[in-house]
$ cat input_5.cif   # mmCIF, N, CA and C atoms
data_coords
#
loop_
_atom_site.label_atom_id
_atom_site.label_comp_id
_atom_site.auth_asym_id
_atom_site.auth_seq_id
_atom_site.Cartn_x
_atom_site.Cartn_y
_atom_site.Cartn_z
N MET A 1 38.61 81.27 56.69
CA MET A 1 39.82 80.77 57.32
C MET A 1 40.75 81.96 57.59
N THR A 2 41.18 82.08 58.82
CA THR A 2 42.08 83.18 59.19
C THR A 2 43.50 82.85 58.74
N ILE A 3 44.36 83.84 58.81
CA ILE A 3 45.77 83.64 58.43
C ILE A 3 46.42 82.63 59.36
N ALA A 4 46.14 82.73 60.66
CA ALA A 4 46.72 81.78 61.62
C ALA A 4 46.25 80.36 61.34
N THR A 5 44.98 80.19 61.04
CA THR A 5 44.43 78.87 60.74
C THR A 5 45.05 78.32 59.45
N LYS A 6 45.26 79.18 58.48
CA LYS A 6 45.88 78.77 57.21
C LYS A 6 47.31 78.31 57.45
N GLU A 7 48.07 79.01 58.30
CA GLU A 7 49.44 78.62 58.61
C GLU A 7 49.48 77.27 59.32
N ILE A 8 48.57 77.06 60.26
CA ILE A 8 48.49 75.78 60.97
C ILE A 8 48.14 74.67 59.98
N SER A 9 47.20 74.93 59.11
CA SER A 9 46.82 73.96 58.09
C SER A 9 48.02 73.60 57.22
N ASN A 10 48.80 74.58 56.82
CA ASN A 10 49.99 74.34 55.99
C ASN A 10 51.03 73.50 56.73
N GLU A 11 51.25 73.79 58.00
CA GLU A 11 52.19 73.00 58.81
C GLU A 11 51.74 71.55 58.91
N LEU A 12 50.44 71.35 59.15
CA LEU A 12 49.92 69.99 59.25
C LEU A 12 49.99 69.26 57.91
N MET A 13 49.75 69.96 56.82
CA MET A 13 49.85 69.35 55.49
C MET A 13 51.29 68.94 55.19
N ASP A 14 52.26 69.77 55.57
CA ASP A 14 53.67 69.42 55.39
C ASP A 14 54.02 68.16 56.19
N ALA A 15 53.53 68.09 57.42
CA ALA A 15 53.77 66.91 58.26
C ALA A 15 53.14 65.67 57.62
N TYR A 16 51.95 65.84 57.06
CA TYR A 16 51.26 64.73 56.40
C TYR A 16 52.06 64.23 55.19
N LYS A 17 52.49 65.15 54.36
CA LYS A 17 53.23 64.79 53.14
C LYS A 17 54.57 64.14 53.44
N ASN A 18 55.22 64.58 54.53
CA ASN A 18 56.55 64.07 54.88
C ASN A 18 56.52 62.97 55.93
N HIS A 19 55.32 62.50 56.29
CA HIS A 19 55.14 61.41 57.26
C HIS A 19 55.83 61.70 58.59
N LYS A 20 55.65 62.92 59.09
CA LYS A 20 56.25 63.33 60.36
C LYS A 20 55.24 63.18 61.49
N LEU A 21 55.75 62.95 62.68
CA LEU A 21 54.92 62.98 63.88
C LEU A 21 54.78 64.43 64.34
N VAL A 22 53.67 64.73 64.96
CA VAL A 22 53.43 66.10 65.42
C VAL A 22 52.93 66.09 66.87
N ILE A 23 53.18 67.19 67.54
CA ILE A 23 52.52 67.50 68.81
C ILE A 23 51.64 68.69 68.53
N VAL A 24 50.35 68.52 68.70
CA VAL A 24 49.38 69.58 68.46
C VAL A 24 48.88 70.07 69.80
N GLU A 25 49.11 71.34 70.08
CA GLU A 25 48.65 71.93 71.33
C GLU A 25 47.36 72.70 71.04
N THR A 26 46.28 72.26 71.70
CA THR A 26 44.99 72.92 71.54
C THR A 26 44.70 73.76 72.78
N ASN A 27 43.54 74.37 72.80
CA ASN A 27 43.15 75.16 73.97
C ASN A 27 43.00 74.29 75.22
N ASP A 28 42.70 73.00 75.04
CA ASP A 28 42.41 72.11 76.17
C ASP A 28 43.46 71.03 76.42
N ASP A 29 44.24 70.66 75.40
CA ASP A 29 44.99 69.42 75.47
C ASP A 29 46.22 69.48 74.57
N LYS A 30 47.08 68.47 74.69
CA LYS A 30 48.17 68.25 73.75
C LYS A 30 47.98 66.86 73.16
N LEU A 31 48.09 66.77 71.84
CA LEU A 31 47.92 65.50 71.15
C LEU A 31 49.21 65.18 70.41
N THR A 32 49.63 63.93 70.49
CA THR A 32 50.79 63.47 69.74
C THR A 32 50.34 62.38 68.79
N GLY A 33 50.80 62.47 67.55
CA GLY A 33 50.45 61.45 66.57
C GLY A 33 50.86 61.89 65.18
N SER A 34 50.35 61.17 64.20
CA SER A 34 50.61 61.53 62.81
C SER A 34 49.35 62.15 62.22
N VAL A 35 49.53 62.93 61.19
CA VAL A 35 48.39 63.60 60.55
C VAL A 35 47.75 62.62 59.57
N ALA A 36 46.48 62.31 59.79
CA ALA A 36 45.75 61.41 58.90
C ALA A 36 45.12 62.18 57.74
N ALA A 37 44.66 63.41 58.01
CA ALA A 37 44.04 64.23 56.98
C ALA A 37 43.85 65.65 57.51
N VAL A 38 43.71 66.59 56.57
CA VAL A 38 43.43 67.98 56.90
C VAL A 38 42.43 68.49 55.88
N ASN A 39 41.38 69.17 56.36
CA ASN A 39 40.49 69.85 55.43
C ASN A 39 40.43 71.32 55.82
N HIS A 40 39.50 72.07 55.30
CA HIS A 40 39.52 73.52 55.48
C HIS A 40 39.34 73.98 56.92
N ASP A 41 38.73 73.18 57.80
CA ASP A 41 38.56 73.64 59.19
C ASP A 41 38.82 72.57 60.24
N GLN A 42 39.27 71.37 59.81
CA GLN A 42 39.52 70.29 60.75
C GLN A 42 40.82 69.56 60.42
N ALA A 43 41.42 68.96 61.45
CA ALA A 43 42.56 68.08 61.26
C ALA A 43 42.22 66.75 61.91
N PHE A 44 42.71 65.69 61.33
CA PHE A 44 42.49 64.34 61.83
C PHE A 44 43.85 63.80 62.25
N ILE A 45 44.03 63.61 63.55
CA ILE A 45 45.31 63.17 64.10
C ILE A 45 45.19 61.70 64.49
N LYS A 46 46.05 60.88 63.91
CA LYS A 46 46.06 59.45 64.20
C LYS A 46 46.97 59.23 65.41
N ARG A 47 46.36 58.81 66.51
CA ARG A 47 47.08 58.63 67.77
C ARG A 47 47.33 57.15 68.02
N PRO A 48 48.55 56.79 68.40
CA PRO A 48 48.85 55.39 68.67
C PRO A 48 47.93 54.83 69.75
N ALA A 49 47.36 53.69 69.50
CA ALA A 49 46.50 52.95 70.42
C ALA A 49 45.20 53.67 70.80
N LYS A 50 44.94 54.83 70.21
CA LYS A 50 43.71 55.56 70.54
C LYS A 50 42.86 55.83 69.31
N GLY A 51 43.39 55.62 68.13
CA GLY A 51 42.64 55.87 66.91
C GLY A 51 42.77 57.30 66.43
N VAL A 52 41.87 57.69 65.57
CA VAL A 52 41.90 59.02 64.96
C VAL A 52 41.06 59.99 65.78
N GLU A 53 41.62 61.16 66.04
CA GLU A 53 40.90 62.20 66.77
C GLU A 53 40.74 63.42 65.85
N VAL A 54 39.55 63.99 65.84
CA VAL A 54 39.24 65.15 65.02
C VAL A 54 39.37 66.40 65.88
N ILE A 55 40.12 67.39 65.37
CA ILE A 55 40.24 68.67 66.08
C ILE A 55 39.94 69.81 65.11
N LYS A 56 39.35 70.85 65.62
CA LYS A 56 39.08 72.04 64.81
C LYS A 56 40.35 72.88 64.76
N LEU A 57 40.68 73.36 63.58
CA LEU A 57 41.89 74.16 63.40
C LEU A 57 41.84 75.45 64.21
N GLU A 58 40.65 75.99 64.43
CA GLU A 58 40.54 77.24 65.19
C GLU A 58 40.92 77.04 66.66
N ASN A 59 40.92 75.78 67.15
CA ASN A 59 41.29 75.50 68.52
C ASN A 59 42.77 75.19 68.70
N VAL A 60 43.51 75.08 67.61
CA VAL A 60 44.94 74.75 67.67
C VAL A 60 45.74 76.00 67.97
N ARG A 61 46.59 75.91 69.00
CA ARG A 61 47.46 77.03 69.35
C ARG A 61 48.84 76.89 68.75
N GLN A 62 49.35 75.64 68.69
CA GLN A 62 50.71 75.43 68.22
C GLN A 62 50.86 74.03 67.66
N VAL A 63 51.72 73.91 66.64
CA VAL A 63 52.07 72.62 66.06
C VAL A 63 53.58 72.47 66.11
N LYS A 64 54.05 71.36 66.68
CA LYS A 64 55.48 71.06 66.70
C LYS A 64 55.72 69.79 65.91
N LEU A 65 56.70 69.82 65.00
CA LEU A 65 57.05 68.64 64.23
C LEU A 65 58.10 67.84 64.98
N LEU A 66 57.96 66.53 64.99
CA LEU A 66 58.95 65.62 65.58
C LEU A 66 59.68 64.89 64.45
N ASN A 67 60.76 64.19 64.78
CA ASN A 67 61.64 63.48 63.84
C ASN A 67 62.44 64.50 63.06
#
$ encode --input "input_5.cif" --output "structure tokens"
Amino acid sequence: MTIATKEISNELMDAYKNHKLVIVETNDDKLTGSVAAVNHDQAFIKRPAKGVEVIKLENVRQVKLLN
């Protein structure tokens, strides 16, 4: 896990613990939702009306917290 990936993981874990909504910007897309889970190389984003989407942390460019 790189330093950048570790920082993204920490941001997502904080959002998970504090029940915050996030905007996750990946190389291909932007996802909005709540964090369902985070493991060492993946994040699970719960999207309204679309279910849970799995993204690789190495593909995440930016995380923005909402609320």
$ residues_around --input "input_5.cif" --residues "stretch 22-24 of chain A" --least-positions-apart "5" --cutoff "5 Å" --atoms "only N, CA and C atoms" --output "MDAnalysis selection string"
chainID A and resid 30:34 62:66
$ atom_distance --input "input_5.cif" --atom1 "atom N of A:Asn39" --atom2 "atom CA of A:Ala4"
14.7 Å
$ closest_residue --input "input_5.cif" --among "A:Leu21, A:Leu12, A:Val60, A:Ile55" --to "A:Gln42" --atoms "all atoms listed in the file"
A:Ile55
$ select_by_dssp --input "input_5.cif" --residues "chain A" --states "helix (DSSP H, G or I)" --output "list in words"
Ile3, Ala4, Thr5, Lys6, Glu7, Ile8, Ser9, Asn10, Glu11, Leu12, Met13, Asp14, Ala15, Tyr16, Lys17, Leu57, Glu58 and Asn59 of chain A
$ residues_around --input "input_5.cif" --residues "A:Asp41" --least-positions-apart "4" --cutoff "7 Å" --atoms "all atoms listed in the file" --output "list in words"
Ile55, Lys56, Leu57 and Glu58 of chain A
$ closest_residue --input "input_5.cif" --among "A:Glu7, A:Asn67, A:Pro48, A:Ala43" --to "A:Lys20" --atoms "all atoms listed in the file"
A:Asn67
$ atom_distance --input "input_5.cif" --atom1 "atom CA of A:His19" --atom2 "atom CA of A:Ala36"
9.5 Å
$ atom_distance --input "input_5.cif" --atom1 "atom CA of A:Ala49" --atom2 "atom CA of A:Lys6"
29.0 Å
$ closest_residue --input "input_5.cif" --among "A:Ile8, A:Gly51, A:Thr2, A:His40" --to "A:Glu25" --atoms "only C-alpha atoms"
A:Ile8
$ axis_aligned_box --input "input_5.cif" --around "stretch 43-56 of chain A" --padding-each-side "5 Å" --output "JSON"
{"center_x": 44.0, "center_y": 62.9, "center_z": 66.0, "size_x": 19.8, "size_y": 29.9, "size_z": 19.5}
$ residues_around --input "input_5.cif" --residues "A:Val35" --least-positions-apart "2" --cutoff "5 Å" --atoms "only N, CA and C atoms" --output "PyMOL selection string"
chain A and resi 33+37+44-46
$ closest_residue --input "input_5.cif" --among "A:Asn18, A:Ser9, A:Thr26, A:Asn59" --to "A:Val38" --atoms "only N, CA and C atoms"
A:Ser9
$ select_by_dssp --input "input_5.cif" --residues "chain A" --states "strand (DSSP E or B)" --output "PyMOL selection string"
chain A and resi 21-26+30-38+42-47+51-56+60-65
$ decode --input "input_5.cif" --residues "stretch 6-22 of chain A" --atoms "all heavy atoms" --output "short mmCIF file (atom, residue, chain, number, x, y, z; two decimals), in the first residue's frame"
data_model
loop_
_atom_site.label_atom_id
_atom_site.label_comp_id
_atom_site.auth_asym_id
_atom_site.auth_seq_id
_atom_site.Cartn_x
_atom_site.Cartn_y
_atom_site.Cartn_z
N LYS A 6 -2.85 4.83 1.41
CA LYS A 6 -3.08 4.80 2.86
C LYS A 6 -3.86 6.04 3.30
O LYS A 6 -4.78 5.94 4.11
CB LYS A 6 -1.74 4.70 3.60
CG LYS A 6 -1.85 4.65 5.08
CD LYS A 6 -2.49 3.39 5.56
CE LYS A 6 -2.45 3.34 7.08
NZ LYS A 6 -3.29 2.29 7.58
N GLU A 7 -3.52 7.21 2.77
CA GLU A 7 -4.23 8.44 3.11
C GLU A 7 -5.69 8.38 2.65
O GLU A 7 -6.59 8.79 3.37
CB GLU A 7 -3.53 9.65 2.50
CG GLU A 7 -2.21 9.98 3.16
CD GLU A 7 -1.46 11.11 2.47
OE1 GLU A 7 -2.01 11.73 1.55
OE2 GLU A 7 -0.33 11.36 2.88
N ILE A 8 -5.91 7.87 1.45
CA ILE A 8 -7.28 7.72 0.93
C ILE A 8 -8.05 6.74 1.81
O ILE A 8 -9.21 6.99 2.16
CB ILE A 8 -7.25 7.26 -0.54
CG1 ILE A 8 -6.75 8.41 -1.42
CG2 ILE A 8 -8.61 6.77 -1.00
CD1 ILE A 8 -6.40 8.03 -2.82
N SER A 9 -7.43 5.65 2.17
CA SER A 9 -8.05 4.67 3.05
C SER A 9 -8.45 5.31 4.38
O SER A 9 -9.55 5.09 4.89
CB SER A 9 -7.10 3.50 3.28
OG SER A 9 -7.65 2.59 4.20
N ASN A 10 -7.57 6.12 4.94
CA ASN A 10 -7.86 6.80 6.22
C ASN A 10 -9.03 7.77 6.08
O ASN A 10 -9.88 7.84 6.97
CB ASN A 10 -6.62 7.53 6.73
CG ASN A 10 -5.56 6.59 7.25
OD1 ASN A 10 -5.83 5.43 7.54
ND2 ASN A 10 -4.34 7.07 7.35
N GLU A 11 -9.07 8.52 4.99
CA GLU A 11 -10.18 9.45 4.76
C GLU A 11 -11.51 8.69 4.65
O GLU A 11 -12.51 9.11 5.22
CB GLU A 11 -9.97 10.24 3.47
CG GLU A 11 -8.92 11.32 3.57
CD GLU A 11 -8.82 12.12 2.28
OE1 GLU A 11 -9.81 12.79 1.94
OE2 GLU A 11 -7.76 12.05 1.63
N LEU A 12 -11.50 7.58 3.92
CA LEU A 12 -12.71 6.79 3.78
C LEU A 12 -13.13 6.15 5.10
O LEU A 12 -14.32 6.08 5.41
CB LEU A 12 -12.51 5.72 2.70
CG LEU A 12 -12.40 6.26 1.27
CD1 LEU A 12 -11.95 5.16 0.33
CD2 LEU A 12 -13.72 6.86 0.81
N MET A 13 -12.17 5.72 5.90
CA MET A 13 -12.49 5.15 7.22
C MET A 13 -13.10 6.21 8.14
O MET A 13 -14.04 5.93 8.88
CB MET A 13 -11.24 4.54 7.87
CG MET A 13 -10.86 3.19 7.31
SD MET A 13 -12.15 1.94 7.43
CE MET A 13 -12.38 1.83 9.18
N ASP A 14 -12.57 7.43 8.09
CA ASP A 14 -13.15 8.52 8.89
C ASP A 14 -14.59 8.79 8.47
O ASP A 14 -15.46 8.99 9.32
CB ASP A 14 -12.31 9.80 8.74
CG ASP A 14 -10.99 9.72 9.49
OD1 ASP A 14 -10.84 8.86 10.37
OD2 ASP A 14 -10.09 10.53 9.16
N ALA A 15 -14.83 8.80 7.16
CA ALA A 15 -16.19 9.01 6.65
C ALA A 15 -17.11 7.88 7.11
O ALA A 15 -18.26 8.11 7.48
CB ALA A 15 -16.18 9.10 5.14
N TYR A 16 -16.60 6.65 7.10
CA TYR A 16 -17.37 5.49 7.55
C TYR A 16 -17.74 5.62 9.03
O TYR A 16 -18.89 5.46 9.42
CB TYR A 16 -16.58 4.22 7.30
CG TYR A 16 -17.21 2.98 7.88
CD1 TYR A 16 -18.32 2.40 7.26
CD2 TYR A 16 -16.73 2.40 9.04
CE1 TYR A 16 -18.92 1.26 7.79
CE2 TYR A 16 -17.31 1.27 9.58
CZ TYR A 16 -18.41 0.71 8.95
OH TYR A 16 -19.00 -0.40 9.49
N LYS A 17 -16.77 5.94 9.85
CA LYS A 17 -16.98 6.04 11.30
C LYS A 17 -17.94 7.17 11.66
O LYS A 17 -18.70 7.06 12.62
CB LYS A 17 -15.65 6.24 12.02
CG LYS A 17 -14.77 5.03 11.99
CD LYS A 17 -13.43 5.32 12.64
CE LYS A 17 -12.48 4.15 12.49
NZ LYS A 17 -11.15 4.46 13.01
N ASN A 18 -17.89 8.27 10.90
CA ASN A 18 -18.71 9.45 11.20
C ASN A 18 -19.98 9.52 10.38
O ASN A 18 -20.68 10.54 10.40
CB ASN A 18 -17.88 10.72 11.00
CG ASN A 18 -16.73 10.78 11.98
OD1 ASN A 18 -16.90 10.55 13.17
ND2 ASN A 18 -15.54 11.09 11.49
N HIS A 19 -20.28 8.46 9.60
CA HIS A 19 -21.50 8.37 8.79
C HIS A 19 -21.65 9.56 7.85
O HIS A 19 -22.73 10.15 7.72
CB HIS A 19 -22.73 8.24 9.68
CG HIS A 19 -22.63 7.13 10.67
ND1 HIS A 19 -22.77 5.81 10.30
CD2 HIS A 19 -22.37 7.13 11.99
CE1 HIS A 19 -22.62 5.05 11.37
NE2 HIS A 19 -22.37 5.82 12.41
N LYS A 20 -20.56 9.92 7.17
CA LYS A 20 -20.56 11.03 6.23
C LYS A 20 -20.76 10.52 4.81
O LYS A 20 -20.39 9.40 4.47
CB LYS A 20 -19.22 11.77 6.28
CG LYS A 20 -18.87 12.37 7.61
CD LYS A 20 -19.46 13.71 7.75
CE LYS A 20 -18.98 14.36 9.03
NZ LYS A 20 -19.51 15.66 9.19
N LEU A 21 -21.34 11.36 3.97
CA LEU A 21 -21.41 11.07 2.54
C LEU A 21 -20.10 11.51 1.90
O LEU A 21 -19.46 12.46 2.37
CB LEU A 21 -22.57 11.83 1.90
CG LEU A 21 -23.96 11.38 2.31
CD1 LEU A 21 -24.99 12.29 1.68
CD2 LEU A 21 -24.21 9.95 1.91
N VAL A 22 -19.73 10.84 0.84
CA VAL A 22 -18.48 11.17 0.15
C VAL A 22 -18.71 11.26 -1.36
O VAL A 22 -19.64 10.67 -1.90
CB VAL A 22 -17.38 10.11 0.41
CG1 VAL A 22 -16.96 10.09 1.86
CG2 VAL A 22 -17.80 8.73 -0.04
#
